[in-house]
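Source file: structure_8.txt; contents: compact mmCIF, C-alpha atoms and all ligand atoms.
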# COMPACT_ATOMS: atom_id res chain seq x y z
CA MET B 1 0.00 0.00 0.00
CA ASN B 2 1.45 3.38 -1.05
CA GLN B 3 -1.39 5.72 -0.27
CA VAL B 4 -4.28 5.81 2.16
CA LYS B 5 -7.23 8.20 2.52
CA ILE B 6 -8.86 8.24 5.93
CA PHE B 7 -11.66 9.79 7.98
CA ALA B 8 -10.93 10.68 11.62
CA PRO B 9 -13.94 11.50 13.79
CA ALA B 10 -14.61 14.54 15.92
CA THR B 11 -14.92 13.54 19.58
CA VAL B 12 -16.63 14.70 22.74
CA ALA B 13 -14.35 14.35 25.75
CA ASN B 14 -15.33 14.37 29.44
CA VAL B 15 -19.03 13.50 28.95
CA SER B 16 -20.16 15.39 32.10
CA CYS B 17 -19.24 13.21 35.10
CA GLY B 18 -16.43 11.52 33.13
CA TYR B 19 -14.20 14.58 33.40
CA ASP B 20 -10.77 13.82 31.88
CA ALA B 21 -11.58 10.10 31.75
CA MET B 22 -14.31 9.51 29.14
CA GLY B 23 -14.97 10.36 25.52
CA PHE B 24 -16.95 9.29 22.48
CA ALA B 25 -16.68 9.59 18.70
CA LEU B 26 -19.12 11.26 16.30
CA GLN B 27 -20.18 9.60 13.10
CA ALA B 28 -21.22 12.66 11.09
CA LEU B 29 -18.29 14.99 11.72
CA GLY B 30 -14.56 14.55 11.26
CA ASP B 31 -11.49 15.33 9.19
CA GLU B 32 -10.23 13.69 6.03
CA MET B 33 -6.55 13.12 5.37
CA VAL B 34 -4.49 11.57 2.58
CA PHE B 35 -1.11 9.96 3.27
CA THR B 36 1.26 9.04 0.44
CA LYS B 37 4.58 7.24 0.86
CA THR B 38 7.60 9.11 -0.52
CA GLU B 39 11.06 7.79 -1.33
CA SER B 40 12.76 10.60 0.49
CA LYS B 41 12.51 10.26 4.25
CA GLY B 42 10.83 12.99 6.30
CA ILE B 43 7.37 14.50 6.37
CA ASN B 44 5.94 17.05 3.95
CA ILE B 45 2.52 18.55 4.66
CA SER B 46 1.58 19.63 1.14
CA LYS B 47 -2.03 20.71 1.69
CA ILE B 48 -4.21 22.01 4.50
CA GLU B 49 -7.80 23.03 3.84
CA GLY B 50 -10.36 24.36 6.30
CA ALA B 51 -8.17 25.62 9.15
CA ASP B 52 -5.28 27.93 9.84
CA ILE B 53 -2.81 25.45 11.32
CA PRO B 54 0.94 25.09 10.79
CA PHE B 55 2.42 23.47 7.68
CA GLU B 56 5.69 22.82 9.54
CA ALA B 57 5.78 19.11 10.31
CA ASP B 58 7.20 19.66 13.80
CA LYS B 59 4.41 22.07 14.75
CA ASN B 60 1.45 20.26 13.20
CA VAL B 61 0.24 17.30 15.28
CA ALA B 62 -0.11 15.19 12.10
CA GLY B 63 3.57 15.75 11.28
CA VAL B 64 4.67 15.10 14.85
CA VAL B 65 2.74 11.84 15.18
CA ALA B 66 3.76 10.61 11.71
CA GLN B 67 7.45 11.27 12.39
CA LEU B 68 7.28 9.48 15.77
CA ILE B 69 5.82 6.37 14.18
CA LEU B 70 8.19 6.36 11.20
CA THR B 71 11.15 6.68 13.57
CA ASP B 72 9.87 4.04 15.98
CA SER B 73 9.24 1.56 13.16
CA ASN B 74 12.51 2.37 11.41
CA ALA B 75 10.51 2.89 8.20
CA ASN B 76 12.41 3.21 4.93
CA PHE B 77 10.02 5.82 3.49
CA GLY B 78 8.81 9.34 4.12
CA LEU B 79 5.30 10.81 3.85
CA ASP B 80 3.32 13.44 2.01
CA ILE B 81 0.28 14.49 4.07
CA LYS B 82 -2.85 16.33 2.92
CA ILE B 83 -5.25 17.53 5.63
CA TYR B 84 -8.88 18.47 4.99
CA LYS B 85 -10.29 19.99 8.17
CA LYS B 86 -14.07 19.79 8.38
CA PHE B 87 -14.45 21.48 11.77
CA ILE B 88 -12.35 24.20 13.28
CA PRO B 89 -9.67 23.87 15.97
CA GLY B 90 -10.52 25.21 19.40
CA SER B 91 -14.16 24.10 19.32
CA GLY B 92 -13.86 21.51 22.08
CA LEU B 93 -14.52 18.75 19.55
CA GLY B 94 -11.01 17.34 19.35
CA SER B 95 -9.66 18.94 16.19
CA SER B 96 -6.02 18.21 17.00
CA ALA B 97 -7.06 14.77 18.29
CA ALA B 98 -8.68 13.98 14.91
CA SER B 99 -5.40 14.83 13.15
CA ALA B 100 -3.28 12.97 15.69
CA SER B 101 -5.37 9.81 15.78
CA GLY B 102 -6.10 9.87 12.05
CA THR B 103 -2.37 10.06 11.42
CA ALA B 104 -1.56 7.21 13.82
CA PHE B 105 -4.25 5.05 12.21
CA ALA B 106 -3.19 5.88 8.63
CA VAL B 107 0.54 5.40 9.12
CA ASN B 108 -0.22 2.08 10.80
CA GLN B 109 -2.11 1.04 7.66
CA LEU B 110 0.96 1.89 5.57
CA LEU B 111 3.00 -0.27 7.97
CA ASP B 112 0.66 -3.26 7.56
CA ASN B 113 -0.94 -2.80 11.00
CA LYS B 114 2.24 -3.13 13.00
CA TYR B 115 0.79 -1.42 16.09
CA SER B 116 -2.16 -2.12 18.42
CA ASN B 117 -4.83 0.48 19.21
CA VAL B 118 -3.30 1.18 22.59
CA GLU B 119 0.09 1.79 20.97
CA LEU B 120 -1.54 4.08 18.39
CA THR B 121 -3.23 5.97 21.22
CA LYS B 122 0.16 6.52 22.86
CA PHE B 123 1.60 7.96 19.63
CA ALA B 124 -1.46 10.17 19.14
CA MET B 125 -1.17 11.44 22.73
CA GLN B 126 2.21 12.94 21.79
CA GLY B 127 0.32 15.02 19.21
CA GLU B 128 -1.96 16.31 21.98
CA MET B 129 1.18 17.25 23.89
CA VAL B 130 2.13 19.55 20.99
CA ALA B 131 -1.40 20.95 20.58
CA CYS B 132 -2.28 21.69 24.18
CA GLY B 133 0.73 20.95 26.37
CA SER B 134 -0.52 17.74 27.97
CA ALA B 135 -0.53 14.20 26.59
CA ILE B 136 -4.18 13.62 27.35
CA ALA B 137 -5.83 10.46 25.98
CA ASP B 138 -9.62 10.95 26.13
CA ASN B 139 -10.14 12.54 22.68
CA VAL B 140 -7.49 10.52 20.83
CA ALA B 141 -8.60 7.18 22.31
CA ALA B 142 -12.23 7.90 21.32
CA ALA B 143 -11.07 8.80 17.78
CA ILE B 144 -9.03 5.59 17.46
CA TYR B 145 -11.37 3.06 19.11
CA GLY B 146 -14.73 4.70 18.23
CA GLY B 147 -17.79 4.52 20.48
CA PHE B 148 -17.51 5.42 24.16
CA ILE B 149 -14.16 4.92 25.86
CA LEU B 150 -12.88 5.22 29.40
CA VAL B 151 -9.24 6.10 30.07
CA ARG B 152 -9.00 3.96 33.19
CA ASN B 153 -5.28 4.48 33.75
CA TYR B 154 -2.26 6.22 32.20
CA GLU B 155 0.76 4.28 33.52
CA PRO B 156 0.25 1.76 32.03
CA LEU B 157 -2.28 3.13 29.56
CA ASP B 158 -5.55 1.24 29.92
CA ILE B 159 -8.38 2.13 27.52
CA VAL B 160 -11.75 0.49 28.18
CA GLU B 161 -14.34 0.33 25.41
CA ILE B 162 -17.87 0.91 26.73
CA PRO B 163 -20.76 -0.58 24.72
CA SER B 164 -23.61 1.91 24.22
CA PRO B 165 -27.17 1.84 22.84
CA SER B 166 -27.00 1.81 19.05
CA GLU B 167 -29.76 4.40 18.70
CA LEU B 168 -28.03 6.96 20.96
CA MET B 169 -27.59 10.36 19.23
CA VAL B 170 -25.69 13.51 20.05
CA THR B 171 -26.49 17.12 19.26
CA VAL B 172 -23.56 19.53 19.45
CA ILE B 173 -23.73 23.29 19.24
CA HIS B 174 -20.52 25.26 18.77
CA PRO B 175 -20.83 28.97 19.57
CA GLN B 176 -18.18 30.86 17.61
CA ILE B 177 -16.32 32.18 20.60
CA GLU B 178 -12.81 31.31 21.68
CA ILE B 179 -11.95 29.63 24.97
CA LYS B 180 -8.30 28.94 25.57
CA THR B 181 -7.85 25.37 26.88
CA GLU B 182 -5.43 26.88 29.37
CA ASP B 183 -8.16 29.18 30.78
CA ALA B 184 -10.67 26.33 30.88
CA ARG B 185 -8.15 24.23 32.83
CA LYS B 186 -7.35 27.05 35.25
CA VAL B 187 -10.92 27.32 36.54
CA VAL B 188 -11.23 23.63 37.44
CA PRO B 189 -10.61 23.18 41.20
CA GLN B 190 -7.41 21.34 42.09
CA ASN B 191 -8.84 20.01 45.36
CA ILE B 192 -12.35 18.77 46.02
CA PRO B 193 -14.12 17.49 49.15
CA VAL B 194 -14.46 13.70 49.38
CA LYS B 195 -18.24 14.19 49.36
CA THR B 196 -18.00 15.75 45.88
CA ALA B 197 -15.66 13.01 44.66
CA VAL B 198 -18.10 10.34 45.87
CA ALA B 199 -21.00 12.00 44.04
CA GLN B 200 -18.89 12.21 40.87
CA TRP B 201 -17.66 8.61 40.79
CA ALA B 202 -21.14 7.36 41.67
CA ASN B 203 -22.37 9.11 38.52
CA VAL B 204 -19.52 7.67 36.42
CA GLY B 205 -20.53 4.19 37.59
CA GLY B 206 -24.16 4.97 36.78
CA LEU B 207 -23.30 6.29 33.33
CA ILE B 208 -21.16 3.27 32.44
CA SER B 209 -23.82 0.86 33.71
CA GLY B 210 -26.59 2.75 31.85
CA LEU B 211 -24.60 2.67 28.60
CA HIS B 212 -23.96 -1.07 28.99
CA THR B 213 -27.57 -1.97 29.72
CA ASN B 214 -29.35 0.51 27.40
CA ASP B 215 -30.93 2.11 30.47
CA PHE B 216 -31.72 5.61 29.19
CA ASP B 217 -33.14 6.80 32.52
CA LEU B 218 -29.96 5.79 34.32
CA ILE B 219 -27.82 7.48 31.64
CA SER B 220 -29.93 10.60 32.11
CA ARG B 221 -29.67 10.61 35.92
CA SER B 222 -25.92 10.09 35.73
CA LEU B 223 -25.01 12.86 33.28
CA VAL B 224 -24.08 15.28 36.06
CA ASP B 225 -20.69 16.90 36.58
CA TYR B 226 -19.91 18.38 40.00
CA ILE B 227 -16.29 19.21 39.23
CA ALA B 228 -15.60 21.03 35.95
CA GLU B 229 -18.97 22.20 34.65
CA PRO B 230 -19.98 24.42 37.60
CA GLN B 231 -16.83 26.51 37.01
CA ARG B 232 -16.43 26.22 33.26
CA LYS B 233 -20.01 26.99 32.33
CA HIS B 234 -19.41 30.69 33.07
CA LEU B 235 -17.04 30.79 30.08
CA ILE B 236 -19.85 29.77 27.70
CA PRO B 237 -22.63 32.27 26.92
CA TYR B 238 -26.15 31.07 27.82
CA PHE B 239 -24.85 27.63 28.86
CA ASP B 240 -27.60 27.09 31.47
CA VAL B 241 -30.31 28.24 29.05
CA VAL B 242 -29.07 25.92 26.26
CA LYS B 243 -28.73 22.99 28.65
CA SER B 244 -32.14 23.34 30.26
CA ALA B 245 -33.85 23.90 26.89
CA ALA B 246 -32.23 20.69 25.60
CA ILE B 247 -33.32 18.67 28.63
CA LYS B 248 -36.85 20.15 28.64
CA ASN B 249 -37.17 19.01 25.03
CA GLY B 250 -36.20 15.43 25.68
CA ALA B 251 -32.39 15.28 25.87
CA LEU B 252 -31.07 12.71 28.35
CA GLY B 253 -28.55 15.27 29.54
CA ALA B 254 -26.19 17.95 28.29
CA GLY B 255 -22.79 19.30 29.17
CA ILE B 256 -19.63 20.96 27.94
CA SER B 257 -17.78 19.15 25.16
CA GLY B 258 -14.11 18.92 26.12
CA SER B 259 -13.00 22.27 27.43
CA GLY B 260 -15.70 24.03 25.41
CA PRO B 261 -17.15 26.17 24.04
CA SER B 262 -19.20 23.42 22.31
CA ILE B 263 -22.16 22.06 24.26
CA PHE B 264 -23.30 18.47 23.68
CA ALA B 265 -26.63 16.81 24.45
CA LEU B 266 -27.35 13.07 24.28
CA SER B 267 -30.76 11.85 23.08
CA LYS B 268 -32.34 8.44 22.78
CA ASN B 269 -33.18 8.78 19.08
CA LYS B 270 -32.82 10.96 15.99
CA ASP B 271 -36.18 12.73 16.33
CA VAL B 272 -35.38 13.91 19.83
CA ALA B 273 -31.82 14.89 18.81
CA GLU B 274 -33.23 17.02 15.97
CA LYS B 275 -35.79 18.66 18.25
CA VAL B 276 -32.95 19.40 20.68
CA ALA B 277 -30.96 20.94 17.82
CA GLU B 278 -33.90 23.23 17.02
CA VAL B 279 -34.17 24.57 20.56
CA MET B 280 -30.41 24.94 21.06
CA ASP B 281 -30.34 26.73 17.74
CA SER B 282 -33.10 29.14 18.77
CA VAL B 283 -31.29 30.13 21.99
CA TYR B 284 -28.19 31.31 20.13
CA LYS B 285 -30.23 32.81 17.30
CA TYR B 286 -32.16 34.87 19.85
CA ALA B 287 -28.91 35.85 21.60
CA GLY B 288 -27.30 36.85 18.30
CA ILE B 289 -24.36 34.49 18.73
CA ALA B 290 -22.92 32.82 15.61
CA TYR B 291 -22.78 29.03 15.89
CA ASN B 292 -22.51 25.71 14.08
CA ILE B 293 -24.76 22.83 14.99
CA TYR B 294 -24.36 19.10 14.35
CA VAL B 295 -26.61 16.09 14.91
CA SER B 296 -24.84 12.74 14.79
CA LYS B 297 -24.95 9.11 15.78
CA ILE B 298 -22.25 7.96 18.15
CA SER B 299 -19.76 6.35 15.80
CA ALA B 300 -19.19 2.69 16.54
CA GLU B 301 -15.86 2.91 14.69
CA GLY B 302 -12.91 5.19 15.08
CA ALA B 303 -10.64 6.46 12.31
CA LYS B 304 -11.25 4.49 9.09
CA ILE B 305 -10.19 4.18 5.47
CA ILE B 306 -12.49 5.95 3.00
P1 LIG U 401 -10.22 21.40 20.23
O1 LIG U 401 -9.95 20.10 20.91
O2 LIG U 401 -10.93 22.36 21.11
O3 LIG U 401 -10.82 21.25 18.89
P2 LIG U 401 -7.51 21.50 20.03
O4 LIG U 401 -7.17 21.09 21.40
O5 LIG U 401 -7.54 20.50 18.96
O6 LIG U 401 -8.88 22.16 19.99
O7 LIG U 401 -6.51 22.69 19.74
C1 LIG U 401 -6.06 23.02 18.52
C2 LIG U 401 -4.64 23.57 18.64
O8 LIG U 401 -3.71 22.65 18.10
C3 LIG U 401 -4.51 24.85 17.85
O9 LIG U 401 -3.65 25.72 18.54
C4 LIG U 401 -3.85 24.40 16.56
O10 LIG U 401 -3.07 25.39 15.95
C5 LIG U 401 -2.97 23.24 17.02
N1 LIG U 401 -2.74 22.25 15.96
C6 LIG U 401 -1.56 21.81 15.49
N2 LIG U 401 -1.74 20.90 14.52
C7 LIG U 401 -3.05 20.74 14.37
C8 LIG U 401 -3.83 19.93 13.51
N3 LIG U 401 -3.31 19.11 12.60
N4 LIG U 401 -5.16 20.02 13.65
C9 LIG U 401 -5.72 20.87 14.53
N5 LIG U 401 -5.04 21.66 15.37
C10 LIG U 401 -3.70 21.60 15.28

Using structure tokens, write down the structure that the file contains.
Amino acid sequence: MNQVKIFAPATVANVSCGYDAMGFALQALGDEMVFTKTESKGINISKIEGADIPFEADKNVAGVVAQLILTDSNANFGLDIKIYKKFIPGSGLGSSAASASGTAFAVNQLLDNKYSNVELTKFAMQGEMVACGSAIADNVAAAIYGGFILVRNYEPLDIVEIPSPSELMVTVIHPQIEIKTEDARKVVPQNIPVKTAVAQWANVGGLISGLHTNDFDLISRSLVDYIAEPQRKHLIPYFDVVKSAAIKNGALGAGISGSGPSIFALSKNKDVAEKVAEVMDSVYKYAGIAYNIYVSKISAEGAKII
């Protein structure tokens, strides 16, 4: 194989109570990338469409992850990379994670599947290190494995795939405002009372159990975040209004996607997810805030060849 064209999904990290530990992949939104082997070693990013991100291979997460894998595998070829961004960086939907995990997946295809998913996740995490300063796994693991994932442990890395109801849908609204990941991280408390921790991990257990058993009511009761959301929501205009409108109109729950500003809502079917999109849409329309909105299935698969 000399060339591969792939799709790498957008991802929602955190998932309310699963702060910094859970994520899931979207089916209807993601980047496309084309990787072509070259005789000369090294990485050349020859095309970027849809976002203002660096062409320099050592500054672009795709270049960084590709070089790491080529070096690790002692490959006797280089790569030409073309990146087609379908959603913008800084939305809280894992733009850099899509590039990092898409690259890990694609280069692995060109190496005849030398690496396992957990190894690919580790490579992709190094891309996140370049994008946001920490080698966080929730977005990249969701984009590689697909579906819902839990990052149970880092050393050693332990990614758990969580089965979920096949009809589950997500609505995501992305207000066109900028939140620096750094600022979003700063407002999250570094210490919490044990009582709060207990409430949070009880909800994580409930969410995982609800996803496993298709128990929509349990999923709904468990989509509560006592740690990040109460602080971060103030960075997102009309967060409470959007969230309560979504829930009033049938969403199982709603929360901040990654470090924001996107807001996600889970629904038990497409009709509800579309109704939720309408009401979320009307809040920002009324407020005069520009936004993008997406309705998607949870993708059962991660990055894939197209
Ligand atoms: P979000 O997760 O909110 O979509 P990211 O954490 O992906 O945002 O942050 C994007 C940052 O990573 C930007 O500063 C961007 O310039 C940088 N970056 C470097 N390479 C890429 C890439 N290939 N795709 C997206 N962002 C990239």

All residues within 6 Å of ligand LIG 401 (chain U) are required, counting all atoms listed in the file; please report them as a PDB file with C-alpha atoms, keeping the file's coordinate frame.
ATOM      1  CA  ILE B  53      -2.810  25.450  11.320  1.00  0.00           C
ATOM      2  CA  ASN B  60       1.450  20.260  13.200  1.00  0.00           C
ATOM      3  CA  VAL B  61       0.240  17.300  15.280  1.00  0.00           C
ATOM      4  CA  ALA B  62      -0.110  15.190  12.100  1.00  0.00           C
ATOM      5  CA  PRO B  89      -9.670  23.870  15.970  1.00  0.00           C
ATOM      6  CA  GLY B  90     -10.520  25.210  19.400  1.00  0.00           C
ATOM      7  CA  SER B  91     -14.160  24.100  19.320  1.00  0.00           C
ATOM      8  CA  GLY B  92     -13.860  21.510  22.080  1.00  0.00           C
ATOM      9  CA  LEU B  93     -14.520  18.750  19.550  1.00  0.00           C
ATOM     10  CA  GLY B  94     -11.010  17.340  19.350  1.00  0.00           C
ATOM     11  CA  SER B  95      -9.660  18.940  16.190  1.00  0.00           C
ATOM     12  CA  SER B  96      -6.020  18.210  17.000  1.00  0.00           C
ATOM     13  CA  ALA B  97      -7.060  14.770  18.290  1.00  0.00           C
ATOM     14  CA  SER B  99      -5.400  14.830  13.150  1.00  0.00           C
ATOM     15  CA  ALA B 131      -1.400  20.950  20.580  1.00  0.00           C
ATOM     16  CA  CYS B 132      -2.280  21.690  24.180  1.00  0.00           C
TER      17      CYS B 132
END

For Thr71 in chain B: contacts at 12 Å, only C-alpha atoms, fewer than 6 positions along chain excluded, given as a list in words: Lys41, Gly42, Ile43, Val64, Val65, Phe77, Gly78, Val107 and Phe123 of chain B

Non-local contacts of Asp31 in chain B (10 Å; all atoms listed in the file; under 6 positions in same chain excluded) as a PyMOL selection string: chain B and resi 6-10+50+83-88+95-96+98-99+102+303

Residue with smallest distance to Met33 in chain B - pool B:Asp72, B:Glu274, B:Asp80, B:Glu56, counting all atoms listed in the file: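 Closest candidate: B:Asp80.
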
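Comparing B:Lys122, B:Lys297, B:Lys186, B:Lys270 by their smallest distance to Ser166 in chain B, the closest is B:Lys297 (using only C-alpha atoms).
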
For CA of Asp217 in chain B and CA of Gly253 in chain B, the interatomic separation in Å (one decimal):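 So the answer is 10.1 Å.
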
Best match for closeness to Gly250 in chain B among B:Gln231, B:Asp281, B:Met169, B:Asn139, counting all atoms listed in the file: B:Met169

Range 151-164 of chain B environment, 10 Å, all atoms listed in the file, sequence neighbours closer than 5 positions dropped, as a PyMOL selection string: chain B and resi 18+20-24+117-119+121-122+135-139+141-142+145-146+208-215+298+300

Between CA of Ala143 in chain B and CA of Leu79 in chain B - distance in Å to one decimal: 21.6 Å

Close residues, Ala254 in chain B itself excluded, 7 Å, all atoms listed in the file, min 5 positions apart in chain, as a list in words: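 Here the answer would be Lys243, Phe264, Ala265 and Leu266 of chain B.
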
Neighbour list for Gly133 in chain B as a list in words, cut-off 12 Å, only C-alpha atoms, skip fewer than 3 positions in-chain: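 Listed by chain and then number, they are Val61, Ser96, Met125, Gln126, Gly127, Glu128, Met129, Val130, Ile136, Thr181, Glu182 and Arg185 of chain B.
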
Computed interatomic separation between CA of Val204 in chain B and CA of Thr11 in chain B (Å):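 CA of Val204 in chain B sits 18.4 Å away from CA of Thr11 in chain B.
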
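Proximity to Ala100 in chain B was assessed for B:Leu68, B:Ile177, B:Ala75, B:Leu252 counting all atoms listed in the file; the smallest distance is recorded for B:Leu68.
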
Neighbour residues at most 12 Å from (-36.2, 26.9, 27.1) (only C-alpha atoms) as a ChimeraX atom specification: /B:238-250,276,278-284,286

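Distances from B:Asn292, B:Thr171, B:Lys195, B:Val188 to Glu229 in chain B were compared using all atoms listed in the file, and the smallest one belongs to B:Val188.
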
Let me have the centre and edge lengths of the axis-aligned box enclosing all listed atoms of range 76-90 of chain B with 8 Å padding on every side, in Å to one decimal, as lines of an AutoDock Vina configuration file.
center_x = -1.0
center_y = 14.2
center_z = 10.7
size_x = 42.9
size_y = 38.0
size_z = 33.4
